[in-house]
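> Just so it is clear, I am handing over model-v1.txt, which has compact mmCIF, C-alpha atoms.
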```txt
# COMPACT_ATOMS: atom_id res chain seq x y z
CA MET A 1 115.14 103.55 106.70
CA ASP A 2 115.22 99.86 107.62
CA ALA A 3 115.44 96.70 105.58
CA VAL A 4 111.70 96.29 105.10
CA ALA A 5 110.97 99.95 104.45
CA GLY A 6 113.71 99.92 101.82
CA LEU A 7 111.53 97.64 99.73
CA LEU A 8 108.93 100.40 99.48
CA ASP A 9 111.19 103.24 98.35
CA GLY A 10 111.10 104.33 94.76
CA PRO A 11 108.42 103.57 92.19
CA ARG A 12 106.88 100.55 93.93
CA ALA A 13 105.17 102.64 96.59
CA ARG A 14 103.42 104.87 94.04
CA GLY A 15 100.62 103.94 91.71
CA ALA A 16 100.17 100.39 92.94
CA PHE A 17 97.26 98.48 91.42
CA LEU A 18 94.46 97.75 93.90
CA LEU A 19 91.27 95.81 93.30
CA ARG A 20 88.41 94.27 95.27
CA SER A 21 86.99 91.06 93.77
CA ILE A 22 83.54 89.68 94.65
CA LEU A 23 83.22 86.11 93.46
CA THR A 24 80.70 83.28 93.34
CA PRO A 25 81.86 79.72 92.55
CA PRO A 26 82.94 78.44 90.18
CA TRP A 27 85.62 81.06 89.54
CA SER A 28 89.29 80.96 88.58
CA MET A 29 91.76 83.67 87.50
CA LEU A 30 95.12 82.93 85.89
CA ILE A 31 97.52 85.77 86.78
CA ARG A 32 100.19 86.41 84.16
CA ASP A 33 100.89 90.07 84.93
CA GLU A 34 104.60 89.43 85.68
CA ALA A 35 104.42 91.79 88.67
CA PRO A 36 107.36 91.43 91.07
CA LEU A 37 105.19 91.49 94.19
CA THR A 38 101.49 91.04 94.92
CA LEU A 39 99.45 90.83 98.11
CA VAL A 40 96.21 88.87 98.18
CA ALA A 41 94.03 89.31 101.29
CA VAL A 42 90.84 87.36 101.92
CA VAL A 43 88.16 89.59 103.44
CA ARG A 44 85.34 87.04 103.30
CA GLY A 45 84.97 83.42 102.29
CA ASP A 46 87.88 81.35 101.06
CA ALA A 47 90.12 80.82 98.06
CA TRP A 48 92.96 78.70 96.73
CA LEU A 49 96.23 80.11 95.48
CA VAL A 50 97.93 77.79 93.01
CA PRO A 51 101.53 78.62 92.04
CA GLU A 52 102.83 77.45 88.68
CA HIS A 53 105.42 75.36 90.48
CA GLY A 54 104.45 74.22 93.95
CA THR A 55 101.62 73.04 96.13
CA PRO A 56 98.22 74.79 96.14
CA VAL A 57 97.54 76.74 99.34
CA ALA A 58 94.11 77.28 100.91
CA LEU A 59 93.32 80.80 102.12
CA GLY A 60 90.63 81.75 104.62
CA ALA A 61 89.16 85.00 105.84
CA GLY A 62 91.89 87.24 107.28
CA ASP A 63 94.75 85.37 105.62
CA VAL A 64 97.23 87.36 103.53
CA ALA A 65 99.45 85.88 100.82
CA ILE A 66 102.60 87.46 99.36
CA VAL A 67 103.26 86.31 95.81
CA ARG A 68 106.69 87.00 94.35
CA GLY A 69 106.73 87.24 90.57
CA PRO A 70 107.19 87.08 87.74
CA ASP A 71 105.96 83.47 87.45
CA PRO A 72 102.23 83.01 86.81
CA TYR A 73 99.81 81.70 89.41
CA THR A 74 96.11 81.01 89.72
CA VAL A 75 93.58 82.21 92.30
CA ALA A 76 90.42 80.11 92.34
CA ASP A 77 87.56 78.70 94.37
CA ASP A 78 89.08 75.26 93.87
CA PRO A 79 92.41 74.09 92.40
CA ALA A 80 90.48 72.02 89.85
CA THR A 81 88.46 74.93 88.46
CA VAL A 82 89.56 75.83 84.94
CA PRO A 83 90.61 79.52 84.59
CA GLN A 84 87.94 81.75 83.10
CA VAL A 85 89.98 84.96 83.16
CA VAL A 86 93.63 85.68 82.35
CA ILE A 87 95.30 88.81 83.77
CA HIS A 88 98.16 90.07 81.59
CA PRO A 89 100.81 92.78 82.16
CA GLY A 90 99.20 96.17 82.61
CA GLN A 91 96.18 94.43 84.16
CA ARG A 92 94.74 93.63 80.74
CA CYS A 93 92.05 90.96 81.05
CA THR A 94 91.20 88.31 78.48
CA THR A 95 89.49 84.96 78.25
CA PRO A 96 91.84 81.95 78.07
CA ASP A 97 91.47 81.97 74.27
CA GLY A 98 92.59 85.62 74.06
CA ARG A 99 89.34 87.57 73.74
CA GLU A 100 89.42 90.94 75.53
CA LEU A 101 87.26 91.17 78.62
CA PHE A 102 85.62 94.48 79.39
CA GLY A 103 82.76 93.12 81.48
CA MET A 104 82.63 91.98 85.10
CA THR A 105 82.20 95.62 86.10
CA GLY A 106 79.43 97.68 87.59
CA LEU A 107 80.09 96.42 91.10
CA GLY A 108 81.48 99.68 92.44
CA VAL A 109 84.73 101.63 92.70
CA ARG A 110 87.82 99.44 92.15
CA THR A 111 85.55 96.40 92.28
CA TRP A 112 84.84 93.61 89.86
CA GLY A 113 83.62 90.04 89.95
CA ASN A 114 80.90 87.72 88.71
CA GLY A 115 78.11 88.87 91.04
CA PRO A 116 77.39 91.47 93.71
CA ASP A 117 76.65 88.90 96.43
CA GLY A 118 79.62 86.60 95.94
CA ARG A 119 80.65 84.30 98.77
CA THR A 120 84.30 85.34 98.52
CA VAL A 121 85.75 88.85 98.69
CA LEU A 122 89.43 89.35 97.89
CA LEU A 123 91.67 92.40 98.02
CA THR A 124 94.59 92.43 95.60
CA GLY A 125 97.46 94.91 95.76
CA THR A 126 100.12 94.73 93.07
CA TYR A 127 103.48 96.48 92.95
CA PRO A 128 104.16 96.63 89.19
CA VAL A 129 107.87 97.58 89.19
CA ARG A 130 110.84 95.74 90.66
CA GLY A 131 113.37 98.28 91.94
CA ALA A 132 116.95 97.67 92.94
CA VAL A 133 116.45 98.72 96.57
CA GLY A 134 113.89 95.99 97.06
CA GLY A 135 115.93 93.37 95.26
CA ARG A 136 117.61 92.03 98.39
CA LEU A 137 114.31 91.58 100.17
CA LEU A 138 112.41 90.20 97.19
CA ASP A 139 115.14 87.65 96.59
CA ALA A 140 114.89 86.54 100.23
CA LEU A 141 111.19 85.69 99.89
CA PRO A 142 109.81 82.39 98.66
CA ALA A 143 107.57 82.36 95.61
CA LEU A 144 104.57 82.21 97.95
CA ALA A 145 104.37 83.23 101.62
CA VAL A 146 101.13 83.08 103.61
CA VAL A 147 100.49 84.78 106.94
CA PRO A 148 97.35 83.22 108.46
CA ARG A 149 94.92 85.33 110.43
CA ALA A 150 95.49 83.18 113.51
CA SER A 151 99.14 84.19 113.74
CA TRP A 152 98.70 87.96 113.87
CA ASP A 153 96.25 90.64 114.96
CA SER A 154 96.06 93.60 112.60
CA PRO A 155 93.30 96.05 111.62
CA LEU A 156 94.91 96.75 108.26
CA VAL A 157 92.94 94.32 106.09
CA PRO A 158 89.53 95.63 107.23
CA LEU A 159 90.83 99.20 106.90
CA LEU A 160 92.05 98.62 103.35
CA ALA A 161 88.74 96.92 102.52
CA ALA A 162 86.87 100.01 103.72
CA GLU A 163 89.11 102.48 101.85
CA ILE A 164 89.48 100.64 98.54
CA VAL A 165 85.88 101.42 97.54
CA LYS A 166 86.15 105.16 98.17
CA ASP A 167 86.69 107.67 95.37
CA ASP A 168 87.70 110.73 97.39
CA LEU A 169 90.34 113.26 96.36
CA GLY A 170 93.81 111.87 96.96
CA GLN A 171 92.45 108.36 97.48
CA GLU A 172 95.13 106.70 95.37
CA ALA A 173 97.82 108.09 97.68
CA VAL A 174 95.86 106.89 100.71
CA LEU A 175 95.59 103.39 99.24
CA ASP A 176 99.28 103.28 98.35
CA ARG A 177 100.20 104.09 101.94
CA LEU A 178 97.77 101.53 103.34
CA LEU A 179 99.13 98.87 101.01
CA ASP A 180 102.66 99.76 102.12
CA LEU A 181 101.66 99.43 105.77
CA LEU A 182 100.00 96.08 105.16
CA LEU A 183 103.03 94.79 103.27
CA ILE A 184 105.43 95.88 106.03
CA ALA A 185 103.25 94.27 108.71
CA VAL A 186 102.98 91.00 106.78
CA LEU A 187 106.71 90.89 106.03
CA ARG A 188 107.62 91.49 109.67
CA GLU A 189 105.27 88.74 110.75
CA TRP A 190 106.64 86.36 108.12
CA PHE A 191 110.28 86.90 109.08
CA ALA A 192 109.48 86.68 112.81
CA ARG A 193 107.84 83.28 112.60
CA PRO A 194 109.59 80.23 114.14
CA GLY A 195 112.09 78.75 111.74
CA ALA A 196 112.03 81.77 109.45
CA ALA A 197 114.85 81.80 106.90
CA ALA A 198 115.36 85.55 107.20
CA PRO A 199 118.47 86.80 105.38
CA ALA A 200 121.54 87.72 107.42
CA TRP A 201 121.36 91.44 106.62
CA TYR A 202 117.75 91.52 107.85
CA LEU A 203 118.58 89.79 111.14
CA ALA A 204 121.57 92.10 111.61
CA HIS A 205 119.19 95.00 112.22
CA ALA A 206 118.44 93.47 115.64
CA ASP A 207 122.09 93.77 116.71
CA PRO A 208 122.53 96.90 118.87
CA VAL A 209 125.76 97.89 117.13
CA VAL A 210 125.43 96.64 113.56
CA GLY A 211 121.76 97.58 113.46
CA ARG A 212 122.65 101.14 114.39
CA ALA A 213 125.37 101.21 111.74
CA LEU A 214 122.96 99.96 109.09
CA ARG A 215 120.39 102.59 109.97
CA MET A 216 123.03 105.32 109.70
CA LEU A 217 124.09 104.13 106.27
CA HIS A 218 120.48 103.90 105.13
CA HIS A 219 119.42 107.30 106.45
CA ASP A 220 122.44 109.24 105.18
CA PRO A 221 124.03 107.47 102.20
CA ALA A 222 125.48 110.75 100.85
CA ARG A 223 127.73 111.23 103.88
CA PRO A 224 131.39 110.47 103.08
CA TRP A 225 131.44 107.39 105.29
CA THR A 226 134.55 105.41 106.13
CA VAL A 227 134.82 102.41 108.41
CA ALA A 228 136.61 104.69 110.87
CA SER A 229 133.88 107.35 110.93
CA LEU A 230 131.16 104.72 111.22
CA ALA A 231 133.05 103.06 114.07
CA VAL A 232 133.20 106.35 115.98
CA GLU A 233 129.43 106.74 115.64
CA VAL A 234 128.68 103.29 117.06
CA GLY A 235 131.40 103.33 119.72
CA LEU A 236 133.63 100.51 118.51
CA SER A 237 137.12 100.32 117.11
CA ARG A 238 137.40 100.19 113.34
CA ALA A 239 138.61 96.57 113.37
CA ALA A 240 135.92 95.44 115.82
CA LEU A 241 133.15 97.03 113.77
CA ALA A 242 134.45 95.56 110.53
CA ARG A 243 134.55 92.06 112.03
CA ARG A 244 131.14 92.32 113.64
CA PHE A 245 129.47 93.90 110.61
CA THR A 246 130.95 91.41 108.14
CA GLY A 247 130.09 88.47 110.39
CA LEU A 248 126.44 89.46 110.70
CA VAL A 249 125.69 91.06 107.34
CA GLY A 250 127.90 88.88 105.18
CA GLU A 251 129.95 91.68 103.60
CA PRO A 252 132.13 94.57 104.86
CA PRO A 253 130.53 97.93 105.73
CA MET A 254 131.83 99.85 102.70
CA SER A 255 130.85 97.08 100.31
CA TYR A 256 127.34 97.14 101.75
CA LEU A 257 127.24 100.94 101.47
CA THR A 258 128.25 100.81 97.81
CA GLY A 259 125.46 98.37 97.05
CA TRP A 260 122.96 100.49 98.96
CA ARG A 261 123.99 103.71 97.20
CA LEU A 262 123.74 102.15 93.76
CA ALA A 263 120.39 100.54 94.56
CA LEU A 264 119.04 103.91 95.67
CA ALA A 265 120.44 105.50 92.55
CA ALA A 266 118.74 102.90 90.36
CA ASP A 267 115.38 103.87 91.82
CA LEU A 268 115.97 107.63 91.95
CA LEU A 269 116.94 107.65 88.29
CA ARG A 270 113.41 106.55 87.41
CA GLU A 271 111.87 109.64 88.98
CA PRO A 272 110.54 112.26 86.53
CA GLY A 273 113.19 114.85 85.68
CA ALA A 274 115.97 113.00 87.47
CA THR A 275 119.51 113.70 86.25
CA VAL A 276 122.54 111.54 86.82
CA GLY A 277 124.33 114.47 88.45
CA ALA A 278 121.54 115.20 90.92
CA VAL A 279 121.17 111.54 91.81
CA ALA A 280 124.94 111.22 92.23
CA ARG A 281 124.95 113.96 94.85
CA ARG A 282 122.00 112.42 96.71
CA VAL A 283 123.68 109.04 97.07
CA GLY A 284 127.23 110.14 97.83
CA TYR A 285 129.03 110.27 94.50
CA GLY A 286 130.94 113.40 93.59
CA SER A 287 130.05 113.54 89.92
CA SER A 288 127.95 112.06 87.15
CA PHE A 289 131.03 110.28 85.84
CA ALA A 290 131.78 108.63 89.20
CA LEU A 291 128.23 107.36 89.58
CA SER A 292 128.03 106.23 85.95
CA ALA A 293 131.24 104.22 86.25
CA ALA A 294 130.18 102.56 89.51
CA PHE A 295 126.69 101.94 88.16
CA LYS A 296 127.97 100.21 85.05
CA ARG A 297 130.34 98.04 87.10
CA ARG A 298 127.45 96.90 89.30
CA TYR A 299 124.59 96.56 86.79
CA GLY A 300 126.39 96.17 83.48
CA VAL A 301 124.58 99.11 81.88
CA SER A 302 124.89 102.88 82.04
CA PRO A 303 122.34 104.94 84.00
CA ARG A 304 120.87 106.10 80.68
CA ARG A 305 120.31 102.51 79.57
CA HIS A 306 118.83 101.69 82.98
CA VAL A 307 116.00 104.18 82.48
CA GLY A 308 115.38 103.13 78.90
CA GLY A 309 117.30 105.95 77.27
CA THR A 310 115.08 108.64 78.82
CA GLY A 311 117.45 109.80 81.54
CA THR A 312 119.60 112.91 81.27
CA THR A 313 122.90 113.78 82.81
CA GLY A 314 123.41 116.92 84.77
```
Take the structure I supplied and represent it as structure tokens, if you would.

Amino acid sequence: MDAVAGLLDGPRARGAFLLRSILTPPWSMLIRDEAPLTLVAVVRGDAWLVPEHGTPVALGAGDVAIVRGPDPYTVADDPATVPQVVIHPGQRCTTPDGRELFGMTGLGVRTWGNGPDGRTVLLTGTYPVRGAVGGRLLDALPALAVVPRASWDSPLVPLLAAEIVKDDLGQEAVLDRLLDLLLIAVLREWFARPGAAAPAWYLAHADPVVGRALRMLHHDPARPWTVASLAVEVGLSRAALARRFTGLVGEPPMSYLTGWRLALAADLLREPGATVGAVARRVGYGSSFALSAAFKRRYGVSPRRHVGGTGTTG
């Protein structure tokens, strides 16, 4: 598991909200869903994305925008168009004065808009839950990142556009995976651009030694790692690995591993039927008590509180 794929572990990669919008000017949607991460891809036509704080950005066909929540933003045909629709948490739609909107339907599977022949077609994919594993990556992103079509060549937007309107068995799982692939591709392109402010731990994956160490920690967090055992695996002395890892990642190997284990635990605890004991074993803690103590030190709440009082120990 690498730094980008880590964003997609846990609840974010399941049950994402996907929608195709067909729109004829004038149109404007104020998004207040508080989602931690949303992708907006323009299939046809053009649009403007207007963050609450920041400069409006024009989007053309093939462009993909990553919007990091929870701040509201507007998607419109023009920055001056007054919002006609407000999207609330849970994808509840109202007019700006609060009246529930149940119309704008009848345009097909996972499709809505203000007319079947609209000039602009958008695809929206929303990850509704912020998980601890993705926290490092989400925090490294700006509020709005746009990858223009001219800077990359990918078939994923047309493929998602073709699949989003299907209603076959298992289609939600297919769409989740396609959205994941599109997000990974867009993130890689964003961080690879000239002048990218990629975080140190992300760049460290390119180092032949530290990158290998990071992948080992990610793939097998339950292993009883020490700096010495990790150093043997990557072919360096313990001191040399510690210096190189800390210099590139920004923290020592075991400190990084602790953060990774607890982030994984935070996501695993949300899975149906998860117990603190089972999660503890999966992430390298010997008992429920050991994980609970470490979890509370890191997040300030117990595992039970983290899952809203629904978790069980075992």
> Go through A:Val210, A:Leu241, A:Val109, A:Val57 and flag the residue nearest Gln171 (chain A), using only C-alpha atoms for the distances.
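Result for the nearest residue to Gln171 (chain A): A:Val109.
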> Could you name the residues that touch Ala204 (chain A) at 10 Å or less, counting all atoms listed in the file, but leaving out those on the same chain fewer than 2 positions away, as a PyMOL selection string?
chain A and resi 3+199-202+206-214+244-245+247-250
> Using only C-alpha atoms, can you tell me which of A:Ala35, A:Leu217, A:Leu156, A:Ala162 comes closest to Leu178 (chain A)?
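Smallest distance to Leu178 (chain A) is found for A:Leu156.
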> For a quick check of understanding, using all atoms listed in the file, which of A:Leu160, A:Leu39, A:Val146, A:Leu138 has the smallest distance to Thr124 (chain A)?
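Among the listed residues, the smallest separation from Thr124 (chain A) belongs to A:Leu39.
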> Counting only C-alpha atoms, which residue out of A:Leu203, A:Gly108, A:Asp77, A:Ala58 sits closest to Val147 (chain A)?
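Under the stated criterion, the closest residue is A:Ala58.
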> For a quick check of understanding, using all atoms listed in the file, which of A:Asp180, A:Glu34, A:Asp220, A:Asp46 has the smallest distance to Pro72 (chain A)?
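Closest residue, counting all atoms listed in the file: A:Glu34.
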> By how many Å are CA of Thr81 (chain A) and CA of Thr24 (chain A) apart?
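Value for the CA of Thr81 (chain A)-CA of Thr24 (chain A) distance: 12.4 Å.
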> CA of Leu144 (chain A) and CA of Ile87 (chain A) are how many Å apart?
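CA of Ile87 (chain A) lies at a distance of 18.2 Å from CA of Leu144 (chain A).
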> Identify, on the basis of all atoms listed in the file, every residue whose closest approach to Pro79 (chain A) does not exceed 9 Å; exclude the query and any residue fewer than 5 positions from it along the same chain; express the result as a list of chain:residue names.
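Residues meeting the cut-off are A:Ser28, A:Trp48, A:Leu49, A:Val50, A:Pro56, A:Thr74.
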> What is the distance between CA of Pro116 (chain A) and CA of Val165 (chain A), in Å to one decimal?
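Separation of CA of Pro116 (chain A) and CA of Val165 (chain A): 13.6 Å.
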> Pick out the residues sitting within 9 Å of Pro158 (chain A), and hand them over as a PDB file with C-alpha atoms, keeping the file's coordinate frame; count all atoms listed in the file, and ignore anything fewer than 5 positions along from it in its own chain.

```
ATOM      1  CA  VAL A  43      88.160  89.590 103.440  1.00  0.00           C
ATOM      2  CA  GLY A  62      91.890  87.240 107.280  1.00  0.00           C
ATOM      3  CA  GLU A 163      89.110 102.480 101.850  1.00  0.00           C
TER       4      GLU A 163
END
```
> Skipping near chain neighbours, those fewer than 4 positions away, what residues fall within 10 Å of region 273-287 of chain A using all atoms listed in the file, listed as a JSON list (two decimals) with C-alpha atoms, keeping the file's coordinate frame?

```json
[["chain", "number", "residue", "atom", "x", "y", "z"],
["A", 220, "ASP", "CA", 122.44, 109.24, 105.18],
["A", 221, "PRO", "CA", 124.03, 107.47, 102.20],
["A", 222, "ALA", "CA", 125.48, 110.75, 100.85],
["A", 223, "ARG", "CA", 127.73, 111.23, 103.88],
["A", 224, "PRO", "CA", 131.39, 110.47, 103.08],
["A", 225, "TRP", "CA", 131.44, 107.39, 105.29],
["A", 257, "LEU", "CA", 127.24, 100.94, 101.47],
["A", 258, "THR", "CA", 128.25, 100.81, 97.81],
["A", 260, "TRP", "CA", 122.96, 100.49, 98.96],
["A", 261, "ARG", "CA", 123.99, 103.71, 97.20],
["A", 262, "LEU", "CA", 123.74, 102.15, 93.76],
["A", 263, "ALA", "CA", 120.39, 100.54, 94.56],
["A", 264, "LEU", "CA", 119.04, 103.91, 95.67],
["A", 265, "ALA", "CA", 120.44, 105.50, 92.55],
["A", 266, "ALA", "CA", 118.74, 102.90, 90.36],
["A", 267, "ASP", "CA", 115.38, 103.87, 91.82],
["A", 268, "LEU", "CA", 115.97, 107.63, 91.95],
["A", 269, "LEU", "CA", 116.94, 107.65, 88.29],
["A", 291, "LEU", "CA", 128.23, 107.36, 89.58],
["A", 292, "SER", "CA", 128.03, 106.23, 85.95],
["A", 294, "ALA", "CA", 130.18, 102.56, 89.51],
["A", 303, "PRO", "CA", 122.34, 104.94, 84.00],
["A", 304, "ARG", "CA", 120.87, 106.10, 80.68],
["A", 310, "THR", "CA", 115.08, 108.64, 78.82],
["A", 311, "GLY", "CA", 117.45, 109.80, 81.54],
["A", 312, "THR", "CA", 119.60, 112.91, 81.27],
["A", 313, "THR", "CA", 122.90, 113.78, 82.81],
["A", 314, "GLY", "CA", 123.41, 116.92, 84.77]]
```
> Which residue, A:Thr126, A:Thr55, A:Gln84, A:Ser151, has the smallest gap to Glu189 (chain A) when you use only C-alpha atoms?
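Among the listed residues, A:Ser151 lies closest to Glu189 (chain A).
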> Fewer than 5 positions away in the same chain doesn't count, so skip those; otherwise give me all residues within 8 Å of Leu123 (chain A), counting only C-alpha atoms, as an mmCIF file with C-alpha atoms, in the coordinates of the input.

```
data_model
loop_
_atom_site.group_PDB
_atom_site.id
_atom_site.type_symbol
_atom_site.label_atom_id
_atom_site.label_comp_id
_atom_site.auth_asym_id
_atom_site.auth_seq_id
_atom_site.Cartn_x
_atom_site.Cartn_y
_atom_site.Cartn_z
ATOM 1 C CA LEU A 18 94.460 97.750 93.900
ATOM 2 C CA LEU A 19 91.270 95.810 93.300
ATOM 3 C CA ARG A 20 88.410 94.270 95.270
ATOM 4 C CA SER A 21 86.990 91.060 93.770
ATOM 5 C CA LEU A 39 99.450 90.830 98.110
ATOM 6 C CA VAL A 40 96.210 88.870 98.180
ATOM 7 C CA ALA A 41 94.030 89.310 101.290
ATOM 8 C CA VAL A 42 90.840 87.360 101.920
ATOM 9 C CA VAL A 43 88.160 89.590 103.440
ATOM 10 C CA ALA A 161 88.740 96.920 102.520
#
```
> Give the centre and edge lengths of an axis-aligned box, in Å to one decimal, that holds all listed atoms of region 34-51 of chain A with 3 Å on each side, as lines of an AutoDock Vina configuration file.

```
center_x = 96.2
center_y = 84.8
center_z = 94.6
size_x = 28.4
size_y = 20.0
size_z = 23.8
```
